[in-house]
Structure formats: C-alpha cells, structure tokens
$ cat entry-v2.pdb   # PDB, C-alpha atoms
ATOM      1  CA  MET F   1      11.654 -22.872  -2.205
ATOM      2  CA  ARG F   2       9.632 -19.687  -1.884
ATOM      3  CA  VAL F   3       7.004 -18.874  -4.477
ATOM      4  CA  ALA F   4       7.124 -15.610  -6.411
ATOM      5  CA  VAL F   5       4.646 -13.069  -5.104
ATOM      6  CA  ASP F   6       2.768 -10.682  -7.371
ATOM      7  CA  LEU F   7       0.627  -7.815  -6.170
ATOM      8  CA  TYR F   8      -2.140  -8.235  -8.732
ATOM      9  CA  VAL F   9      -4.693 -10.938  -7.907
ATOM     10  CA  ARG F  10      -6.627 -12.165 -10.923
ATOM     11  CA  ARG F  11     -10.284 -12.522  -9.949
ATOM     12  CA  GLN F  12     -13.746 -11.870 -11.359
ATOM     13  CA  SER F  13     -15.218  -9.285  -8.995
ATOM     14  CA  TRP F  14     -16.940  -5.923  -9.080
ATOM     15  CA  LEU F  15     -13.777  -4.158  -7.954
ATOM     16  CA  HIS F  16     -11.659  -5.808 -10.656
ATOM     17  CA  ALA F  17     -14.214  -4.733 -13.265
ATOM     18  CA  THR F  18     -14.259  -1.123 -12.046
ATOM     19  CA  ASP F  19     -12.330   1.371 -14.149
ATOM     20  CA  PRO F  20      -8.797   1.939 -12.744
ATOM     21  CA  ARG F  21      -9.357   5.690 -12.778
ATOM     22  CA  VAL F  22     -12.329   5.299 -10.435
ATOM     23  CA  LYS F  23     -10.195   3.191  -8.084
ATOM     24  CA  LEU F  24      -7.451   5.801  -8.194
ATOM     25  CA  LEU F  25     -10.044   8.452  -7.322
ATOM     26  CA  ALA F  26     -11.232   6.264  -4.433
ATOM     27  CA  VAL F  27      -7.661   6.035  -3.140
ATOM     28  CA  ALA F  28      -7.232   9.816  -3.323
ATOM     29  CA  VAL F  29     -10.576  10.471  -1.612
ATOM     30  CA  GLY F  30      -9.872   7.874   1.069
ATOM     31  CA  LEU F  31      -6.438   9.294   1.838
ATOM     32  CA  VAL F  32      -7.839  12.820   2.167
ATOM     33  CA  ILE F  33     -10.562  11.643   4.551
ATOM     34  CA  LEU F  34      -8.141   9.580   6.627
ATOM     35  CA  LEU F  35      -5.776  12.534   6.951
ATOM     36  CA  ALA F  36      -8.564  14.976   7.796
ATOM     37  CA  PHE F  37     -10.168  12.881  10.533
ATOM     38  CA  LYS F  38      -8.646  12.026  13.907
ATOM     39  CA  ASN F  39     -11.460  10.044  15.504
ATOM     40  CA  LEU F  40     -10.692   6.524  16.673
ATOM     41  CA  TYR F  41     -14.162   5.223  15.782
ATOM     42  CA  VAL F  42     -13.888   6.617  12.256
ATOM     43  CA  MET F  43     -10.599   4.767  11.795
ATOM     44  CA  LEU F  44     -12.135   1.528  13.058
ATOM     45  CA  THR F  45     -15.138   1.961  10.746
ATOM     46  CA  VAL F  46     -12.907   2.601   7.733
ATOM     47  CA  LEU F  47     -10.775  -0.430   8.575
ATOM     48  CA  ILE F  48     -13.826  -2.680   8.818
ATOM     49  CA  GLY F  49     -15.144  -1.273   5.550
ATOM     50  CA  LEU F  50     -11.824  -1.902   3.795
ATOM     51  CA  HIS F  51     -11.790  -5.511   4.983
ATOM     52  CA  VAL F  52     -15.313  -5.915   3.592
ATOM     53  CA  VAL F  53     -14.113  -4.460   0.280
ATOM     54  CA  HIS F  54     -11.173  -6.880   0.163
ATOM     55  CA  TRP F  55     -13.460  -9.782   1.008
ATOM     56  CA  SER F  56     -16.040  -8.784  -1.628
ATOM     57  CA  ALA F  57     -13.256  -8.565  -4.230
ATOM     58  CA  SER F  58     -12.144 -12.147  -3.390
ATOM     59  CA  ILE F  59      -8.716 -11.029  -2.201
ATOM     60  CA  PRO F  60      -6.988 -14.003  -0.508
ATOM     61  CA  ARG F  61      -6.582 -13.829   3.236
ATOM     62  CA  GLU F  62      -2.809 -14.214   2.860
ATOM     63  CA  LYS F  63      -2.656 -10.933   0.946
ATOM     64  CA  ILE F  64      -4.450  -9.062   3.724
ATOM     65  CA  LEU F  65      -2.317 -10.704   6.414
ATOM     66  CA  PHE F  66       0.781  -9.662   4.450
ATOM     67  CA  VAL F  67      -0.196  -5.999   4.907
ATOM     68  CA  TRP F  68      -0.881  -6.453   8.626
ATOM     69  CA  ARG F  69       2.362  -8.390   9.243
ATOM     70  CA  THR F  70       4.379  -5.774   7.407
ATOM     71  CA  LEU F  71       2.878  -2.823   9.272
ATOM     72  CA  LEU F  72       2.508  -4.413  12.710
ATOM     73  CA  PRO F  73       5.986  -3.394  14.005
ATOM     74  CA  ILE F  74       5.500   0.142  12.674
ATOM     75  CA  SER F  75       2.027   0.382  14.214
ATOM     76  CA  ILE F  76       3.264  -0.749  17.617
ATOM     77  CA  MET F  77       6.172   1.689  17.466
ATOM     78  CA  ILE F  78       3.925   4.623  16.473
ATOM     79  CA  ALA F  79       1.385   3.922  19.233
ATOM     80  CA  THR F  80       4.116   3.454  21.853
ATOM     81  CA  LEU F  81       6.034   6.602  20.925
ATOM     82  CA  TRP F  82       2.852   8.675  20.967
ATOM     83  CA  ILE F  83       1.933   7.385  24.427
ATOM     84  CA  VAL F  84       5.424   8.095  25.755
ATOM     85  CA  PHE F  85       6.092  11.511  24.216
ATOM     86  CA  TYR F  86       2.598  13.038  24.010
ATOM     87  CA  PRO F  87       0.834  12.378  27.333
ATOM     88  CA  SER F  88      -2.331  14.394  27.824
ATOM     89  CA  GLY F  89      -5.057  14.128  30.416
ATOM     90  CA  THR F  90      -5.140  12.350  33.750
ATOM     91  CA  PRO F  91      -2.554   9.548  33.928
ATOM     92  CA  ILE F  92      -3.707   6.030  34.756
ATOM     93  CA  LEU F  93      -0.169   4.691  35.019
ATOM     94  CA  GLU F  94       3.112   6.411  35.861
ATOM     95  CA  PHE F  95       6.590   4.954  35.586
ATOM     96  CA  TRP F  96       9.570   7.263  36.083
ATOM     97  CA  LEU F  97       9.068  10.016  33.458
ATOM     98  CA  ILE F  98       6.465   8.071  31.498
ATOM     99  CA  LYS F  99       2.793   8.923  32.000
ATOM    100  CA  VAL F 100       0.139   6.768  30.345
ATOM    101  CA  THR F 101      -3.205   8.485  29.871
ATOM    102  CA  PRO F 102      -6.423   7.208  28.233
ATOM    103  CA  LEU F 103      -6.388  10.076  25.736
ATOM    104  CA  SER F 104      -2.799   9.442  24.629
ATOM    105  CA  VAL F 105      -3.550   5.715  24.236
ATOM    106  CA  ALA F 106      -6.581   6.512  22.071
ATOM    107  CA  GLN F 107      -4.573   8.995  19.993
ATOM    108  CA  GLY F 108      -1.744   6.508  19.486
ATOM    109  CA  LEU F 109      -4.184   3.790  18.448
ATOM    110  CA  ALA F 110      -5.996   6.140  16.064
ATOM    111  CA  LEU F 111      -2.725   7.130  14.404
ATOM    112  CA  ALA F 112      -1.575   3.519  14.078
ATOM    113  CA  LEU F 113      -4.941   2.436  12.668
ATOM    114  CA  ARG F 114      -4.820   5.325  10.198
ATOM    115  CA  ILE F 115      -1.522   4.022   8.797
ATOM    116  CA  ASN F 116      -2.988   0.531   8.402
ATOM    117  CA  ALA F 117      -6.154   1.892   6.780
ATOM    118  CA  MET F 118      -4.124   3.909   4.276
ATOM    119  CA  ALA F 119      -2.065   0.843   3.408
ATOM    120  CA  LEU F 120      -5.131  -1.391   2.968
ATOM    121  CA  LEU F 121      -6.726   1.283   0.789
ATOM    122  CA  VAL F 122      -3.725   1.485  -1.533
ATOM    123  CA  PHE F 123      -3.307  -2.288  -1.669
ATOM    124  CA  ALA F 124      -7.002  -2.699  -2.556
ATOM    125  CA  TRP F 125      -6.169  -0.661  -5.666
ATOM    126  CA  LEU F 126      -2.984  -2.599  -6.436
ATOM    127  CA  TYR F 127      -4.468  -6.049  -5.781
ATOM    128  CA  THR F 128      -7.321  -5.462  -8.230
ATOM    129  CA  THR F 129      -5.600  -3.499 -11.009
ATOM    130  CA  ASP F 130      -3.522  -5.143 -13.705
ATOM    131  CA  ASN F 131      -0.210  -3.446 -14.492
ATOM    132  CA  ASN F 132      -1.229  -2.726 -18.081
ATOM    133  CA  GLU F 133      -4.498  -1.156 -16.979
ATOM    134  CA  LEU F 134      -2.670   0.841 -14.317
ATOM    135  CA  VAL F 135      -0.326   2.378 -16.901
ATOM    136  CA  LEU F 136      -3.189   2.988 -19.318
ATOM    137  CA  SER F 137      -5.261   4.713 -16.631
ATOM    138  CA  LEU F 138      -2.420   7.132 -15.900
ATOM    139  CA  VAL F 139      -1.998   7.824 -19.616
ATOM    140  CA  LYS F 140      -5.739   8.516 -19.862
ATOM    141  CA  LEU F 141      -5.268  11.074 -17.066
ATOM    142  CA  ARG F 142      -2.766  12.911 -19.322
ATOM    143  CA  LEU F 143       0.310  11.741 -17.460
ATOM    144  CA  PRO F 144       3.394  10.782 -19.504
ATOM    145  CA  TYR F 145       3.542   7.148 -20.480
ATOM    146  CA  SER F 146       7.046   6.845 -19.008
ATOM    147  CA  TRP F 147       5.702   7.765 -15.544
ATOM    148  CA  GLY F 148       3.126   5.033 -15.622
ATOM    149  CA  LEU F 149       5.674   2.551 -16.938
ATOM    150  CA  VAL F 150       8.117   3.358 -14.137
ATOM    151  CA  LEU F 151       5.392   2.850 -11.524
ATOM    152  CA  SER F 152       4.292  -0.389 -13.159
ATOM    153  CA  LEU F 153       7.847  -1.746 -13.312
ATOM    154  CA  ALA F 154       8.474  -0.807  -9.687
ATOM    155  CA  LEU F 155       5.326  -2.601  -8.560
ATOM    156  CA  ARG F 156       6.174  -5.594 -10.694
ATOM    157  CA  TYR F 157       9.845  -6.011  -9.847
ATOM    158  CA  ILE F 158       9.703  -5.387  -6.102
ATOM    159  CA  PRO F 159       7.973  -8.751  -5.498
ATOM    160  CA  THR F 160      10.151 -10.287  -8.226
ATOM    161  CA  PHE F 161      13.347  -9.294  -6.438
ATOM    162  CA  GLN F 162      11.817 -10.405  -3.157
ATOM    163  CA  ALA F 163      11.230 -13.850  -4.647
ATOM    164  CA  THR F 164      14.758 -13.833  -6.117
ATOM    165  CA  TYR F 165      16.201 -13.048  -2.703
ATOM    166  CA  GLY F 166      14.227 -15.962  -1.230
ATOM    167  CA  MET F 167      15.503 -18.406  -3.849
ATOM    168  CA  ILE F 168      19.129 -17.271  -3.503
ATOM    169  CA  SER F 169      18.900 -17.411   0.296
ATOM    170  CA  ASP F 170      17.458 -20.938   0.189
ATOM    171  CA  ALA F 171      20.142 -22.049  -2.262
ATOM    172  CA  GLN F 172      22.972 -20.619  -0.148
ATOM    173  CA  GLN F 173      21.596 -22.160   3.038
ATOM    174  CA  ALA F 174      21.321 -25.502   1.278
ATOM    175  CA  ARG F 175      25.073 -25.181   0.576
ATOM    176  CA  GLY F 176      25.820 -24.716   4.262
ATOM    177  CA  LEU F 177      25.395 -20.982   4.828
ATOM    178  CA  ARG F 178      24.135 -20.421   8.383
ATOM    179  CA  ILE F 179      22.344 -17.081   8.544
ATOM    180  CA  SER F 180      20.219 -17.625  11.640
ATOM    181  CA  GLU F 181      23.257 -18.405  13.814
ATOM    182  CA  GLU F 182      24.727 -14.919  13.436
ATOM    183  CA  SER F 183      23.545 -11.449  14.440
ATOM    184  CA  GLY F 184      24.510  -7.821  13.921
ATOM    185  CA  PHE F 185      27.493  -7.099  11.668
ATOM    186  CA  LYS F 186      28.437 -10.782  11.593
ATOM    187  CA  ARG F 187      25.070 -11.559  10.023
ATOM    188  CA  VAL F 188      25.658  -8.875   7.385
ATOM    189  CA  ARG F 189      29.089 -10.314   6.597
ATOM    190  CA  VAL F 190      27.676 -13.841   6.336
ATOM    191  CA  MET F 191      24.963 -12.605   3.960
ATOM    192  CA  MET F 192      27.449 -11.032   1.537
ATOM    193  CA  PRO F 193      27.181 -13.971  -0.938
ATOM    194  CA  ILE F 194      23.428 -13.345  -1.106
ATOM    195  CA  PHE F 195      23.909  -9.605  -1.660
ATOM    196  CA  VAL F 196      26.462 -10.199  -4.432
ATOM    197  CA  ALA F 197      24.153 -12.648  -6.197
ATOM    198  CA  MET F 198      21.275 -10.154  -5.868
ATOM    199  CA  VAL F 199      23.339  -7.369  -7.453
ATOM    200  CA  ILE F 200      24.321  -9.630 -10.359
ATOM    201  CA  SER F 201      20.707 -10.689 -10.826
ATOM    202  CA  ALA F 202      19.542  -7.073 -10.762
ATOM    203  CA  LEU F 203      22.106  -6.066 -13.402
ATOM    204  CA  ARG F 204      21.074  -8.925 -15.663
ATOM    205  CA  THR F 205      17.401  -8.074 -15.209
ATOM    206  CA  SER F 206      17.974  -4.399 -16.017
ATOM    207  CA  GLU F 207      19.894  -5.316 -19.177
ATOM    208  CA  ASP F 208      17.155  -7.688 -20.328
ATOM    209  CA  LEU F 209      14.525  -5.083 -19.573
ATOM    210  CA  ALA F 210      16.401  -2.398 -21.516
ATOM    211  CA  LYS F 211      16.665  -4.691 -24.547
ATOM    212  CA  ALA F 212      12.958  -5.557 -24.332
ATOM    213  CA  LEU F 213      11.961  -1.875 -24.173
ATOM    214  CA  GLU F 214      14.278  -1.020 -27.069
ATOM    215  CA  ALA F 215      12.857  -3.861 -29.158
ATOM    216  CA  ARG F 216       9.369  -2.467 -28.577
ATOM    217  CA  GLY F 217      10.354   1.031 -29.632
ATOM    218  CA  PHE F 218      10.126   2.670 -26.229
ATOM    219  CA  GLY F 219      11.095   6.349 -26.393
ATOM    220  CA  LEU F 220      10.976   6.475 -30.186
ATOM    221  CA  VAL F 221      10.340  10.049 -31.326
ATOM    222  CA  GLY F 222       7.677  10.889 -33.870
ATOM    223  CA  THR F 223       5.437   7.872 -33.325
ATOM    224  CA  HIS F 224       1.945   7.519 -31.881
ATOM    225  CA  ARG F 225       1.570   4.869 -29.210
ATOM    226  CA  THR F 226      -1.388   2.530 -29.529
ATOM    227  CA  PHE F 227      -2.875   0.079 -27.041
ATOM    228  CA  PHE F 228      -4.322  -3.377 -27.507
ATOM    229  CA  ARG F 229      -6.973  -2.666 -24.882
ATOM    230  CA  ASP F 230      -8.655   0.638 -24.126
ATOM    231  CA  LEU F 231     -10.495   1.956 -21.073
ATOM    232  CA  ASP F 232     -14.059   3.207 -21.321
ATOM    233  CA  PHE F 233     -16.266   4.551 -18.558
ATOM    234  CA  ARG F 234     -19.398   2.473 -18.020
ATOM    235  CA  GLY F 235     -22.601   3.465 -16.282
ATOM    236  CA  LEU F 236     -21.493   1.901 -13.004
ATOM    237  CA  ASP F 237     -18.184   3.776 -13.203
ATOM    238  CA  TRP F 238     -20.016   7.091 -13.453
ATOM    239  CA  LEU F 239     -22.241   6.032 -10.542
ATOM    240  CA  PHE F 240     -19.221   5.114  -8.386
ATOM    241  CA  THR F 241     -17.509   8.392  -9.288
ATOM    242  CA  GLY F 242     -20.531  10.486  -8.347
ATOM    243  CA  THR F 243     -21.023   8.575  -5.094
ATOM    244  CA  LEU F 244     -17.378   8.999  -4.121
ATOM    245  CA  LEU F 245     -17.347  12.732  -4.806
ATOM    246  CA  LEU F 246     -20.648  13.265  -2.992
ATOM    247  CA  ALA F 247     -19.533  11.254   0.050
ATOM    248  CA  ALA F 248     -16.205  13.096   0.151
ATOM    249  CA  ALA F 249     -17.909  16.492  -0.086
ATOM    250  CA  VAL F 250     -20.324  15.650   2.754
ATOM    251  CA  MET F 251     -17.561  14.294   4.999
ATOM    252  CA  ILE F 252     -15.264  17.263   4.427
ATOM    253  CA  TYR F 253     -18.143  19.722   4.938
ATOM    254  CA  LEU F 254     -19.070  18.135   8.263
ATOM    255  CA  ASN F 255     -15.435  18.065   9.271
ATOM    256  CA  LEU F 256     -14.783  21.731   8.484
ATOM    257  CA  SER F 257     -18.129  23.187   9.535
ATOM    258  CA  TYR F 258     -19.048  21.089  12.577
ATOM    259  CA  SER F 259     -15.640  19.617  13.570
ATOM    260  CA  PHE F 260     -16.990  16.147  12.859
ATOM    261  CA  GLY F 261     -14.304  13.585  13.677
ATOM    262  CA  GLN F 262     -11.812  16.122  14.991
ATOM    263  CA  HIS F 263     -11.804  14.695  18.530
ATOM    264  CA  VAL F 264     -10.223  11.313  19.027
ATOM    265  CA  LEU F 265     -13.018   9.893  21.217
ATOM    266  CA  ARG F 266     -16.041  12.021  20.252
ATOM    267  CA  LEU F 267     -17.571  12.398  16.808
ATOM    268  CA  PHE F 268     -18.710  15.941  17.606
ATOM    269  CA  PRO F 269     -17.057  18.392  20.056
TER     270      PRO F 269
END

$ encode --input "entry-v2.pdb" --output "structure tokens"
Amino acid sequence: MRVAVDLYVRRQSWLHATDPRVKLLAVAVGLVILLAFKNLYVMLTVLIGLHVVHWSASIPREKILFVWRTLLPISIMIATLWIVFYPSGTPILEFWLIKVTPLSVAQGLALALRINAMALLVFAWLYTTDNNELVLSLVKLRLPYSWGLVLSLALRYIPTFQATYGMISDAQQARGLRISEESGFKRVRVMMPIFVAMVISALRTSEDLAKALEARGFGLVGTHRTFFRDLDFRGLDWLFTGTLLLAAAVMIYLNLSYSFGQHVLRLFP
C-alpha cells in the first residue's frame, strides 16, 4: 500500500525557521532572475545552489528526486523541440530537415534547466512552510484569508488525493483488476472503477470539509479572525530580506546595463 505524501517536511533548520514572507520574497526574486537570464552557466549555478539549500534544510533526497522525476519528461521534450524547431549556427549533425547546432543544444538545455530551477525554488518554499504559516503569511501581506485558505487546501489535498488514488488502485488490483495489461482507450475503460471511487471519495471529502469550515465559522460576517500563532520578523529575517533585495538589484542592473547573462554561452556579450 502506498504511503500518503505531504509537501511539508517537518525539520529543524534555518530555512524552516525563516519567516514565510521572506521565503515568498525569495521565490519571487528567484523567478524574476531566472526569467531575465538566459545563460546556461547561470542556470547550472542556480540549480547547484538550490540543491545546497535543500540539503542544508534537511529535505529528504526522495523529495528532490520527486521533482526531477516529475519534470524529466517535460525537460527532455522542451530541449528536443527547441533543437528541432530553432536551429541556429553551424550544424554539427543533419538529418532530413533537422539541423542540430551547438547553440540550439545549449539554448534547449538552458530552457529545460530553467524550468527545473523554478520548480526546485517553489518546492523549497513549500517543503519548509507549514500550511498554517503559509495562510498566515498571505494574510499578513493583506491578501484575503479565503485566498490563502484555498491555496493551502489545494496544496494539502493534491497529495491526499494522490495517496487515495494509490490505495484505490492497489485495492482494485488486489481484486483482479489488470491495469498494466491494457493500453490506450482500453486502459481508460478498465480504470473506470478507480475513477468512480475517486469521484465518490472527492465528494465525501468536500462535504466533510464544508462541515468543518462551517463549524469553525468560516465566512461569518461581522467577526474578527484571530490566530493561535502569529508571525514576527526577527533580526535574521530583516537581514535575509535586505540581502535578497540587494542581490536582486545588482543582478538586474548588470543584466539591463551590461547584458550580463543575456547570451546562452557567454556571461557578457
């Protein structure tokens, strides 16, 4: 039987202790830098740095491999399509209408690595931020509480439904359902008992969730919401915030003024 998977990893690390708003700022800054830069070496450096961050936060190796396994088919497809449809430079290999050039290979790799870096950056935030703190951080940023709750529920119930699908699939296969022997539309038809059970489970879960929210007074007008735990900026949080903003400003200035990182294989033009 498969074990339920949750995004949040409970650990005692510097990244877990950092204020969720600082981590959200780090995600925003990282995404802007990754989108602004096109250099292959920058992408490799960011990827190595993100793995060091995950390691320093005691994130299990299985969690990191989960991100790579999930994005590996997409990364291969992106790199391949770029090489096929955007050839530039002197070709090193030609096959029919396909021309493979060193520049197109580097550009495809840089784009694929950018996607993986963005995913690892976001998951570093999700792996080290409790759902309650995530909602509270968004409320502290003046966003409606319902928005944060919706995001928290989505992050919480996606792995829950994934685990439910695994348990239902294992139970049906134990009763003689042969999924691996079919393919295409036949496989979809064979999996209908699993889909029906998933729909029923989702309806029951939504009803239970609605009753739980109603019992806690969610959406009640004229009341002031309180929290058991509050978020306060510490000295290290201010230091991290200043460092992030300074690093982002320097990187963007170099990028806009001196075209730093604009070429895929050269840091400066």

$ closest_residue --input "entry-v2.pdb" --among "F:Trp55, F:Tyr41, F:Phe233, F:Phe123" --to "Ala17 in chain F" --atoms "only C-alpha atoms"
F:Phe233

$ residues_around --input "entry-v2.pdb" --residues "range 249-260 of chain F" --least-positions-apart "2" --cutoff "12 Å" --atoms "only C-alpha atoms" --output "PyMOL selection string"
chain F and resi 29-30+32-39+41-42+242-247+262-269

$ write_last_selection --input "entry-v2.pdb" --atoms "C-alpha atoms" --output "short mmCIF file (atom, residue, chain, number, x, y, z; two decimals), keeping the file's coordinate frame"
data_model
loop_
_atom_site.label_atom_id
_atom_site.label_comp_id
_atom_site.auth_asym_id
_atom_site.auth_seq_id
_atom_site.Cartn_x
_atom_site.Cartn_y
_atom_site.Cartn_z
CA VAL F 29 -10.58 10.47 -1.61
CA GLY F 30 -9.87 7.87 1.07
CA VAL F 32 -7.84 12.82 2.17
CA ILE F 33 -10.56 11.64 4.55
CA LEU F 34 -8.14 9.58 6.63
CA LEU F 35 -5.78 12.53 6.95
CA ALA F 36 -8.56 14.98 7.80
CA PHE F 37 -10.17 12.88 10.53
CA LYS F 38 -8.65 12.03 13.91
CA ASN F 39 -11.46 10.04 15.50
CA TYR F 41 -14.16 5.22 15.78
CA VAL F 42 -13.89 6.62 12.26
CA GLY F 242 -20.53 10.49 -8.35
CA THR F 243 -21.02 8.57 -5.09
CA LEU F 244 -17.38 9.00 -4.12
CA LEU F 245 -17.35 12.73 -4.81
CA LEU F 246 -20.65 13.26 -2.99
CA ALA F 247 -19.53 11.25 0.05
CA GLN F 262 -11.81 16.12 14.99
CA HIS F 263 -11.80 14.70 18.53
CA VAL F 264 -10.22 11.31 19.03
CA LEU F 265 -13.02 9.89 21.22
CA ARG F 266 -16.04 12.02 20.25
CA LEU F 267 -17.57 12.40 16.81
CA PHE F 268 -18.71 15.94 17.61
CA PRO F 269 -17.06 18.39 20.06
#

$ resolve_selection --input "entry-v2.pdb" --expression "the PyMOL selection byres ((chain F and resi 14) around 12)" --output "JSON, numbers by chain"
{"F": [11, 12, 13, 15, 16, 17, 18, 19, 20, 23, 53, 54, 55, 56, 57, 58, 59, 128, 129, 236, 237, 240]}

$ atom_distance --input "entry-v2.pdb" --atom1 "CA of Pro159 in chain F" --atom2 "CA of Val196 in chain F"
18.6 Å

$ closest_atom_pairs --input "entry-v2.pdb" --of "range 32-77 of chain F" --to "range 104-119 of chain F" --cutoff "10 Å" --atoms "all atoms listed in the file" --output "JSON lines"
{"residue": "F:Val32", "atom": "CA", "partner": "F:Met118", "partner_atom": "CA", "distance": 9.9}
{"residue": "F:Leu34", "atom": "CA", "partner": "F:Arg114", "partner_atom": "CA", "distance": 6.5}
{"residue": "F:Leu35", "atom": "CA", "partner": "F:Arg114", "partner_atom": "CA", "distance": 8.0}
{"residue": "F:Phe37", "atom": "CA", "partner": "F:Arg114", "partner_atom": "CA", "distance": 9.3}
{"residue": "F:Lys38", "atom": "CA", "partner": "F:Ala110", "partner_atom": "CA", "distance": 6.8}
{"residue": "F:Asn39", "atom": "CA", "partner": "F:Ala110", "partner_atom": "CA", "distance": 6.7}
{"residue": "F:Leu40", "atom": "CA", "partner": "F:Ala110", "partner_atom": "CA", "distance": 4.8}
{"residue": "F:Tyr41", "atom": "CA", "partner": "F:Ala110", "partner_atom": "CA", "distance": 8.2}
{"residue": "F:Val42", "atom": "CA", "partner": "F:Ala110", "partner_atom": "CA", "distance": 8.8}
{"residue": "F:Met43", "atom": "CA", "partner": "F:Arg114", "partner_atom": "CA", "distance": 6.0}
{"residue": "F:Leu44", "atom": "CA", "partner": "F:Leu113", "partner_atom": "CA", "distance": 7.3}
{"residue": "F:Thr45", "atom": "CA", "partner": "F:Ala117", "partner_atom": "CA", "distance": 9.8}
{"residue": "F:Val46", "atom": "CA", "partner": "F:Ala117", "partner_atom": "CA", "distance": 6.9}
{"residue": "F:Leu47", "atom": "CA", "partner": "F:Ala117", "partner_atom": "CA", "distance": 5.5}
{"residue": "F:Ile48", "atom": "CA", "partner": "F:Ala117", "partner_atom": "CA", "distance": 9.2}
{"residue": "F:Gly49", "atom": "CA", "partner": "F:Ala117", "partner_atom": "CA", "distance": 9.6}
{"residue": "F:Leu50", "atom": "CA", "partner": "F:Ala117", "partner_atom": "CA", "distance": 7.4}
{"residue": "F:His51", "atom": "CA", "partner": "F:Ala117", "partner_atom": "CA", "distance": 9.5}
{"residue": "F:Val67", "atom": "CA", "partner": "F:Ala119", "partner_atom": "CA", "distance": 7.2}
{"residue": "F:Trp68", "atom": "CA", "partner": "F:Asn116", "partner_atom": "CA", "distance": 7.3}
{"residue": "F:Thr70", "atom": "CA", "partner": "F:Asn116", "partner_atom": "CA", "distance": 9.7}
{"residue": "F:Leu71", "atom": "CA", "partner": "F:Asn116", "partner_atom": "CA", "distance": 6.8}
{"residue": "F:Leu72", "atom": "CA", "partner": "F:Asn116", "partner_atom": "CA", "distance": 8.6}
{"residue": "F:Ile74", "atom": "CA", "partner": "F:Ala112", "partner_atom": "CA", "distance": 8.0}
{"residue": "F:Ser75", "atom": "CA", "partner": "F:Ala112", "partner_atom": "CA", "distance": 4.8}
{"residue": "F:Ile76", "atom": "CA", "partner": "F:Ala112", "partner_atom": "CA", "distance": 7.4}
{"residue": "F:Met77", "atom": "CA", "partner": "F:Ala112", "partner_atom": "CA", "distance": 8.7}

$ write_last_selection --input "entry-v2.pdb" --atoms "C-alpha atoms" --output "PDB file, in the frame of the given file"
ATOM      1  CA  VAL F  32      -7.839  12.820   2.167  1.00  0.00           C
ATOM      2  CA  LEU F  34      -8.141   9.580   6.627  1.00  0.00           C
ATOM      3  CA  LEU F  35      -5.776  12.534   6.951  1.00  0.00           C
ATOM      4  CA  PHE F  37     -10.168  12.881  10.533  1.00  0.00           C
ATOM      5  CA  LYS F  38      -8.646  12.026  13.907  1.00  0.00           C
ATOM      6  CA  ASN F  39     -11.460  10.044  15.504  1.00  0.00           C
ATOM      7  CA  LEU F  40     -10.692   6.524  16.673  1.00  0.00           C
ATOM      8  CA  TYR F  41     -14.162   5.223  15.782  1.00  0.00           C
ATOM      9  CA  VAL F  42     -13.888   6.617  12.256  1.00  0.00           C
ATOM     10  CA  MET F  43     -10.599   4.767  11.795  1.00  0.00           C
ATOM     11  CA  LEU F  44     -12.135   1.528  13.058  1.00  0.00           C
ATOM     12  CA  THR F  45     -15.138   1.961  10.746  1.00  0.00           C
ATOM     13  CA  VAL F  46     -12.907   2.601   7.733  1.00  0.00           C
ATOM     14  CA  LEU F  47     -10.775  -0.430   8.575  1.00  0.00           C
ATOM     15  CA  ILE F  48     -13.826  -2.680   8.818  1.00  0.00           C
ATOM     16  CA  GLY F  49     -15.144  -1.273   5.550  1.00  0.00           C
ATOM     17  CA  LEU F  50     -11.824  -1.902   3.795  1.00  0.00           C
ATOM     18  CA  HIS F  51     -11.790  -5.511   4.983  1.00  0.00           C
ATOM     19  CA  VAL F  67      -0.196  -5.999   4.907  1.00  0.00           C
ATOM     20  CA  TRP F  68      -0.881  -6.453   8.626  1.00  0.00           C
ATOM     21  CA  THR F  70       4.379  -5.774   7.407  1.00  0.00           C
ATOM     22  CA  LEU F  71       2.878  -2.823   9.272  1.00  0.00           C
ATOM     23  CA  LEU F  72       2.508  -4.413  12.710  1.00  0.00           C
ATOM     24  CA  ILE F  74       5.500   0.142  12.674  1.00  0.00           C
ATOM     25  CA  SER F  75       2.027   0.382  14.214  1.00  0.00           C
ATOM     26  CA  ILE F  76       3.264  -0.749  17.617  1.00  0.00           C
ATOM     27  CA  MET F  77       6.172   1.689  17.466  1.00  0.00           C
TER      28      MET F  77
END

$ closest_residue --input "entry-v2.pdb" --among "F:Pro87, F:Leu213, F:Thr101, F:Tyr8" --to "Asp130 in chain F" --atoms "only C-alpha atoms"
F:Tyr8

$ build_atoms --input "entry-v2.pdb" --residues "range 104-115 of chain F" --atoms "N, CA and C atoms" --output "mmCIF file, in the coordinates of the input"
data_model
loop_
_atom_site.group_PDB
_atom_site.id
_atom_site.type_symbol
_atom_site.label_atom_id
_atom_site.label_comp_id
_atom_site.auth_asym_id
_atom_site.auth_seq_id
_atom_site.Cartn_x
_atom_site.Cartn_y
_atom_site.Cartn_z
ATOM 1 N N SER F 104 -3.993 9.716 25.438
ATOM 2 C CA SER F 104 -2.799 9.442 24.629
ATOM 3 C C SER F 104 -2.841 8.039 24.033
ATOM 4 N N VAL F 105 -3.401 7.073 24.781
ATOM 5 C CA VAL F 105 -3.550 5.715 24.236
ATOM 6 C C VAL F 105 -4.490 5.721 23.042
ATOM 7 N N ALA F 106 -5.618 6.438 23.172
ATOM 8 C CA ALA F 106 -6.581 6.512 22.071
ATOM 9 C C ALA F 106 -5.972 7.219 20.863
ATOM 10 N N GLN F 107 -5.202 8.283 21.101
ATOM 11 C CA GLN F 107 -4.573 8.995 19.993
ATOM 12 C C GLN F 107 -3.526 8.138 19.294
ATOM 13 N N GLY F 108 -2.736 7.402 20.084
ATOM 14 C CA GLY F 108 -1.744 6.508 19.486
ATOM 15 C C GLY F 108 -2.388 5.401 18.667
ATOM 16 N N LEU F 109 -3.475 4.831 19.186
ATOM 17 C CA LEU F 109 -4.184 3.790 18.448
ATOM 18 C C LEU F 109 -4.799 4.340 17.167
ATOM 19 N N ALA F 110 -5.382 5.534 17.248
ATOM 20 C CA ALA F 110 -5.996 6.140 16.064
ATOM 21 C C ALA F 110 -4.957 6.391 14.982
ATOM 22 N N LEU F 111 -3.782 6.869 15.372
ATOM 23 C CA LEU F 111 -2.725 7.130 14.404
ATOM 24 C C LEU F 111 -2.214 5.833 13.779
ATOM 25 N N ALA F 112 -2.040 4.801 14.606
ATOM 26 C CA ALA F 112 -1.575 3.519 14.078
ATOM 27 C C ALA F 112 -2.609 2.899 13.142
ATOM 28 N N LEU F 113 -3.882 2.974 13.522
ATOM 29 C CA LEU F 113 -4.941 2.436 12.668
ATOM 30 C C LEU F 113 -5.066 3.222 11.377
ATOM 31 N N ARG F 114 -4.788 4.527 11.426
ATOM 32 C CA ARG F 114 -4.820 5.325 10.198
ATOM 33 C C ARG F 114 -3.775 4.832 9.202
ATOM 34 N N ILE F 115 -2.574 4.531 9.682
ATOM 35 C CA ILE F 115 -1.522 4.022 8.797
ATOM 36 C C ILE F 115 -1.950 2.712 8.151
#
